[in-house]
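One file, start_24.cif, is given below (mmCIF, C-alpha atoms).
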```
data_structure
loop_
_atom_site.label_atom_id
_atom_site.label_comp_id
_atom_site.auth_asym_id
_atom_site.auth_seq_id
_atom_site.Cartn_x
_atom_site.Cartn_y
_atom_site.Cartn_z
CA MET A 23 -36.95 24.50 -28.63
CA ILE A 24 -38.61 25.67 -25.41
CA THR A 25 -38.22 22.20 -23.92
CA ARG A 26 -34.46 22.15 -24.64
CA CYS A 27 -34.02 25.64 -23.19
CA ALA A 28 -35.98 24.73 -20.07
CA TYR A 29 -33.90 21.55 -19.68
CA LEU A 30 -30.63 23.46 -20.10
CA ALA A 31 -31.75 26.12 -17.60
CA ALA A 32 -32.63 23.41 -15.08
CA VAL A 33 -29.22 21.75 -15.49
CA VAL A 34 -27.41 25.08 -15.08
CA ALA A 35 -29.49 25.90 -11.99
CA LEU A 36 -28.68 22.53 -10.44
CA ILE A 37 -24.96 22.93 -11.06
CA GLY A 38 -24.90 26.54 -9.85
CA GLY A 39 -26.73 25.65 -6.63
CA GLN A 40 -24.48 22.64 -5.94
CA ALA A 41 -27.44 20.30 -6.29
CA ILE A 42 -25.04 17.72 -7.69
CA ALA A 43 -24.34 15.28 -4.87
CA LEU A 44 -20.84 15.22 -3.43
CA THR A 45 -19.03 11.94 -2.98
CA LEU A 46 -16.17 11.10 -0.65
CA ILE A 47 -13.86 11.08 -3.68
CA ASP A 48 -14.72 14.77 -4.21
CA CYS A 49 -13.47 15.41 -0.68
CA ASP A 50 -9.93 14.16 -1.44
CA ARG A 51 -8.24 17.42 -2.35
CA THR A 52 -5.23 19.65 -1.99
CA THR A 53 -5.95 22.46 0.45
CA HIS A 54 -2.53 24.20 0.63
CA ILE A 55 -1.12 24.90 -2.83
CA SER A 56 0.74 21.62 -3.49
CA HIS A 57 1.91 20.57 -0.08
CA GLY A 58 -1.14 19.88 2.10
CA GLY A 59 -4.58 18.40 1.84
CA GLU A 60 -7.29 15.99 2.90
CA ALA A 61 -7.55 12.37 1.76
CA ASP A 62 -8.89 8.93 2.61
CA HIS A 63 -12.34 10.02 3.79
CA VAL A 64 -14.28 7.26 5.54
CA ASP A 65 -17.89 6.88 6.62
CA LEU A 66 -17.80 5.59 10.21
CA GLY A 67 -21.59 5.31 10.27
CA GLU A 68 -24.22 6.87 12.48
CA GLY A 69 -23.31 10.41 11.38
CA ARG A 70 -19.54 10.14 11.88
CA VAL A 71 -16.79 10.56 9.32
CA MET A 72 -12.99 10.53 9.35
CA TRP A 73 -10.22 11.69 7.05
CA ARG A 74 -6.45 12.07 6.88
CA ASP A 75 -4.82 15.50 6.71
CA TRP A 76 -1.41 15.41 5.04
CA TRP A 77 1.45 17.87 4.78
CA SER A 78 4.66 17.53 2.82
CA GLN A 79 6.85 20.54 2.36
CA GLU A 80 10.37 20.17 3.71
CA GLY A 81 8.84 18.04 6.49
CA THR A 82 5.92 15.62 6.47
CA ALA A 83 2.96 15.17 8.78
CA THR A 84 -0.11 12.98 8.97
CA SER A 85 -3.05 13.92 11.16
CA PHE A 86 -6.58 12.58 11.38
CA THR A 87 -9.93 14.18 12.04
CA VAL A 88 -12.99 12.29 13.28
CA VAL A 89 -16.22 14.32 13.14
CA ASP A 90 -19.67 13.77 14.57
CA CYS A 91 -21.51 15.61 11.79
CA GLY A 92 -24.63 16.62 13.74
CA PRO A 93 -23.07 18.63 16.55
CA GLY A 94 -19.89 19.30 14.54
CA THR A 95 -17.68 17.93 17.30
CA ALA A 96 -14.28 16.87 16.02
CA LEU A 97 -11.41 14.84 17.43
CA THR A 98 -8.08 15.73 15.82
CA PHE A 99 -4.70 14.12 16.37
CA ARG A 100 -1.23 13.87 14.80
CA ALA A 101 -0.22 10.28 14.01
CA ALA A 102 3.10 10.87 12.24
CA GLU A 103 5.61 13.61 11.52
CA ASP A 104 9.15 14.01 10.31
CA ASN A 105 11.24 17.18 10.16
CA MET A 106 8.40 19.44 11.28
CA GLY A 107 10.32 21.25 14.00
CA THR A 108 12.32 20.27 17.03
CA ARG A 109 10.33 17.14 17.92
CA LEU A 110 11.77 13.73 17.10
CA PRO A 111 10.24 12.00 14.08
CA PHE A 112 7.53 9.42 14.79
CA ASP A 113 4.96 7.30 12.97
CA ARG A 114 2.27 5.71 15.08
CA THR A 115 -0.40 5.75 12.40
CA ASP A 116 -1.27 2.05 12.65
CA LYS A 117 -1.58 2.15 16.45
CA ALA A 118 -3.68 5.34 16.38
CA LEU A 119 -6.03 3.98 13.72
CA ALA A 120 -6.39 0.75 15.73
CA VAL A 121 -7.64 2.84 18.67
CA ILE A 122 -10.26 4.53 16.47
CA LYS A 123 -11.29 1.21 14.91
CA ARG A 124 -11.69 -0.42 18.33
CA HIS A 125 -13.91 2.41 19.56
CA GLU A 126 -15.96 2.66 16.39
CA SER A 127 -16.57 -1.09 16.20
CA GLY A 128 -18.29 -1.11 19.60
CA ALA A 129 -21.44 0.55 20.83
CA ARG A 130 -21.53 4.21 19.82
CA ALA A 131 -22.66 5.19 23.32
CA PHE A 132 -19.21 4.22 24.59
CA ALA A 133 -17.25 5.59 21.60
CA THR A 134 -16.98 9.10 22.95
CA PHE A 135 -14.29 11.50 21.79
CA ASP A 136 -13.10 11.88 25.38
CA ARG A 137 -12.51 8.13 25.64
CA MET A 138 -10.80 8.01 22.24
CA ALA A 139 -8.57 10.93 23.19
CA ALA A 140 -7.62 9.24 26.46
CA ASP A 141 -6.70 6.03 24.61
CA LEU A 142 -4.71 7.98 22.01
CA ASP A 143 -2.67 9.69 24.74
CA GLY A 144 0.86 8.30 24.54
CA ILE A 145 0.32 7.15 20.96
CA ALA A 146 -0.66 10.27 19.02
CA ARG A 147 0.29 13.90 19.57
CA ASP A 148 -1.59 17.20 19.44
CA ILE A 149 -4.86 15.51 20.46
CA ASP A 150 -7.73 17.98 20.59
CA ILE A 151 -11.52 18.01 20.69
CA ILE A 152 -13.09 21.03 19.01
CA THR A 153 -16.45 22.15 17.65
CA LEU A 154 -16.60 23.11 13.98
CA ASP A 155 -18.57 26.12 12.74
CA ALA A 156 -18.42 24.96 9.11
CA GLU A 157 -19.66 21.71 7.61
CA PRO A 158 -16.79 19.44 6.50
CA CYS A 159 -16.86 17.98 2.99
CA ALA A 160 -17.40 14.39 4.15
CA CYS A 161 -20.40 15.45 6.25
CA ALA A 162 -21.83 17.34 3.27
CA ALA A 163 -21.36 14.26 1.09
CA LEU A 164 -22.79 11.69 3.50
CA TYR A 165 -24.90 13.47 6.11
CA PRO A 166 -26.11 16.79 4.62
CA GLU A 167 -29.22 16.65 6.81
CA ALA A 168 -26.94 17.00 9.85
CA ARG A 169 -25.68 20.46 8.77
CA GLY A 170 -27.86 22.41 11.17
CA ASP A 171 -26.56 25.97 11.69
CA LYS A 172 -23.04 25.20 10.40
CA THR A 173 -21.81 27.02 7.30
CA GLU A 174 -22.60 24.84 4.28
CA PHE A 175 -19.61 23.19 2.59
CA MET A 176 -19.07 24.28 -1.01
CA LEU A 177 -16.45 22.79 -3.32
CA GLY A 178 -14.10 25.62 -4.20
#
```
Written as structure tokens, that's how I'd like the structure from this file.
Amino acid sequence: MITRCAYLAAVVALIGGQAIALTLIDCDRTTHISHGGEADHVDLGEGRVMWRDWWSQEGTATSFTVVDCGPGTALTFRAAEDNMGTRLPFDRTDKALAVIKRHESGARAFATFDRMAADLDGIARDIDIITLDAEPCACAALYPEARGDKTEFMLG
């Protein structure tokens, strides 16, 4: 009986402390009630991840985030939108993803976010480079050792 109780306590402790490993599938989730979320998480290798942010309430939008998990630097950009305000609808998703693929398939030393942003200019909109204070889900799933001082990601 003691062995079963000890085993059960260990399992509960692991679950409570999020010792269960996250996967990229866990990161696909709705983040805004029923009309916004994150999907299609990808491991770009060497500590980088990417995912698609989607929105669909009255209008639709598709944005992407590329993160260098260690420093928490992120490149964000809008690749498509329709009926999201006064701007004309556009969908340049394939062209924008081709830019990222081209950069990520070469030497990482040259695949800087500044260069990617420059090449996305004229293709994507709302291009920004930011630094995250919190660990994104995909980084927690693939590169938890890169968390550093960032707030740890917890599935909610």
Record the distance separating atom CA of A:Gly69 and atom CA of A:Leu164, expressed in Å with one decimal. 8.0 Å
Looking at A:Ile151, A:Cys91, A:Leu46, A:Ala139, which one is nearest to A:Pro166, with distances taken over all atoms listed in the file?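 Closest to A:Pro166, using all atoms listed in the file: A:Cys91.
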Length of the atom CA of A:Phe86 to atom CA of A:Arg114 vector [Å]: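 Atom-to-atom, atom CA of A:Phe86 to atom CA of A:Arg114, that is 11.8 Å.
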As an exercise, work out the distance from atom CA of A:Thr98 to atom CA of A:Thr84 in Å and give it to one decimal place. 10.9 Å
Under the PyMOL selection byres ((chain A and resi 77) around 6), which residues of this model are included? Write them out as a ChimeraX atom specification. /A:57-58,76,78,82-83
Restricting the calculation to only C-alpha atoms, which member of A:Leu154, A:Met138, A:Met106, A:Ile122 is positioned closest to A:Lys172?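 Counting only C-alpha atoms, the residue closest to A:Lys172 is A:Leu154.
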When the PyMOL selection byres ((chain A and resi 150) around 10) is applied to the structure above, which residues does it catch, written out as a PyMOL selection string? chain A and resi 87+96-100+135-136+139+147-149+151-152
Using the chain letters and residue numbers of this document, give as a ChimeraX atom specification the residues selected by the PyMOL selection byres ((chain A and resi 145) around 10). /A:99-102,112-118,121,139-144,146-147,149
Residue nearest A:Asp171 - candidates A:Glu126, A:Glu60, A:Pro111, A:Ala156, atoms counted: all atoms listed in the file: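 Smallest distance to A:Asp171 is found for A:Ala156.
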For A:Thr134, which of A:Cys49, A:Val64, A:Val88, A:Leu110 is the closest residue, counting all atoms listed in the file?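 Between A:Cys49, A:Val64, A:Val88, A:Leu110, the residue approaching A:Thr134 most closely is A:Val88.
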Under the rule that only C-alpha atoms are counted, which of A:Leu44, A:Ala61, A:Ala168, A:Leu66 is the nearest residue to A:Arg124?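 The answer is A:Leu66, which sits nearest to A:Arg124.
Residues lying within 7 Å of A:Arg70, counting all atoms listed in the file and ignoring same-chain neighbours fewer than 2 positions away, are Asp65, Leu66, Gly67, Glu68, Val89, Asp90 and Cys91 of chain A.
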Choose the residue, out of A:Cys161, A:Gly107, A:Leu177, A:Gly170, that has the smallest atom-to-atom separation from A:Trp73; count only C-alpha atoms.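 The closest residue to A:Trp73 is A:Cys161.
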